[in-house]
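Only one structure is covered here, and it is reproduced in the block below.
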Amino acid sequence: MAEANTQLHRLDGSLIWSGFKALIPISFFVTFFGIAFGLTAKQAGLSDTLVVSMSALVFSGYAQFALIDLWGPSIPLLPMILTALAINARHFLMGATLYPWLRHHTPAKQYGVMTVASDANWALSLNAFNRGQPGLGILLGGGIAIWVFWTLGTWLGVHFGNAIASPRLLGLDMVMGCFLLAMVMSGQRDRSALIIWTTAAASSLLAYRYMPANSHVIIGTITGGVAGMFTGRTTDD
Amino acid sequence: MIETSGTGTIYIVAIMVIITLATRWGGVYFMSVTPINYRVRQFIQAMSASVLVALIAPMAITGDHGARIALLATAVIIFLTQKPLPAITAGIVAAALTRQFVY
């Protein structure tokens with residue numbers, strides 16, 4: 001058993017390739033999410049090059065959508081930074097949860113692999129480890145697959161999105177909302193999760209109504225997080 | 001405030017890149033220095049769901065009927081099946097149908 005465990009962290013070409021293939025079905029959907037982003041960003045007035053390079057370099061769908069939400073002739077810097085930090089804070093947990101296996105590698109490899117960490121490949125990678133299978137190939141190979149299809153989808157949305165006469169009539173403006181909701185509800189679902197969601201939703205709505213513009217995301221996030229400190233439990237206990 | 005034209009856009013993308021990389025690398029770095037304690041883990045975990053809820057909630061309140069029915073359809077399907085892809089598809093189809101036929 002100890003023998004087997006020491007092998008779990010391994011990472012080679014064939015593991016990366018099978019990780020890449022394992023994430024192809026999900027990447028198909030990521031492409032659509034990318035198309036929706038390309039389309040939304042272009043409609044908000046961003047240039048083609050800017051939109052595609054943003055997807056390729058930032059590689060964080062929710063944060064990019066939230067950024068477009070703030071987009072105007074100018075962008076308020078503090079809400080932009082705080083929102084991006086709040087949305088991306090979950091990456092922090094991803095690195096922390098995978099650390100037991102990552103730590104066997106050189107720092108260059110650890111940070112290199114984490115560069116493509118996102119929700120789907122992280123979740124599948126952690127699943128693999130919990131089943132006693134090597135997971136870092138899924139993290140890296142799968143992350144590369146998601147990155148490729150996310151960037152490709154964005155490019156498609158920018159260049160061919162205008163072929164869709166009315167994205168709203170096709171429900172395409174709801175891709176992000178439905179995606180986020182599905183992500184929330186496919187995670188932990190119990191009484192403490194319900195308390196956290198309710199707290200976050202209520203405080204976000206109150207802030208949206210009564211507080212300065214763009215503060216609702218931060219306020220909802222922090223109150224939900226604090227609620228979690230009293231009611232929450234972590235999944236890896 | 002940052003201008004969204006010329007070099008301003010380069011700063012915006014650069015800031016976003018730095019923030020996402022800092023969060024992607026931060027967890028590993030932090031763990032290599034000191035283990036994250038239980039309360040902090042609880043806070044981050046609750047926070048990562050809360051940020052999504054905080055983004056969605058105003059959509060449900062300020063959106064049209066199509067938006068609300070889309071979110072409702074997604075919630076129902078994910079609750080019943082636990083599968084994200086059918087749930088998201090159902091939400092988008094529901095929004096499209098509502099907007100095509102109801103008004």
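Starting from 1 in every chain, residues are counted up; chains themselves are A, B, ... following the order of the structure tokens, and ligands are numbered from 1 as listed.
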Legend entry - 6 Å contacts from chain A to chain B using only C-alpha atoms, as a VMD selection string: chain A and resid 58 73 to 77 90 to 93 95 to 96 99 111 114 169 to 171 177 to 179 182 184 186 200 to 201 204 217 220 to 221 224 to 225 228 to 229 232 234
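Using only C-alpha atoms, the contacts of region 27-32 of chain A at a cut-off of 6 Å, with sequence neighbours closer than 6 positions omitted, comprise Ile146, Phe149, Trp150 and Gly153 of chain A.
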Inset, instruction - Can you check which residues of chain A DSSP gives as helix (DSSP H, G or I) on the backbone and send them as an MDAnalysis selection string? - result: chainID A and resid 2:7 13:22 24:43 48:58 61:70 77:102 107:114 119:130 136:163 172:185 191:210 216:231
Inset, instruction - For Ile138 (chain A), please output as a ChimeraX atom specification all residues within 9 Å (counting only C-alpha atoms; exclusion window: fewer than 2 positions along the same chain). - result: /A:15-23,121-122,124-125,128,134-136,140-143
Inset, instruction - Determine, counting only C-alpha atoms, which protein, DNA and RNA residues have an atom within 7 Å of an atom of region 36-48 of chain A; residues of the same chain fewer than 6 positions away are not included. Present the result as number ranges by chain. - result: A: 65, 68, 154-155, 157-158, 161, 172, 175
Legend entry - Residue nearest Arg10 (chain A) - candidates A:Asn127, A:Gln64, A:Gln133, A:Thr83, atoms counted: only C-alpha atoms: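 Result for the nearest residue to Arg10 (chain A): A:Gln133.
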Inset, instruction - For CA of Asn162 (chain A) and CA of Gly61 (chain A), determine how far apart the two atoms are, in Å to one decimal place. - result: 20.4 Å
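Going from CA of Phe59 (chain A) to CA of Gly13 (chain A) covers 23.0 Å.
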Inset, instruction - Would you mind reading off the distance between CA of Val113 (chain A) and CA of Leu126 (chain A), one decimal, in Å? - result: 13.8 Å
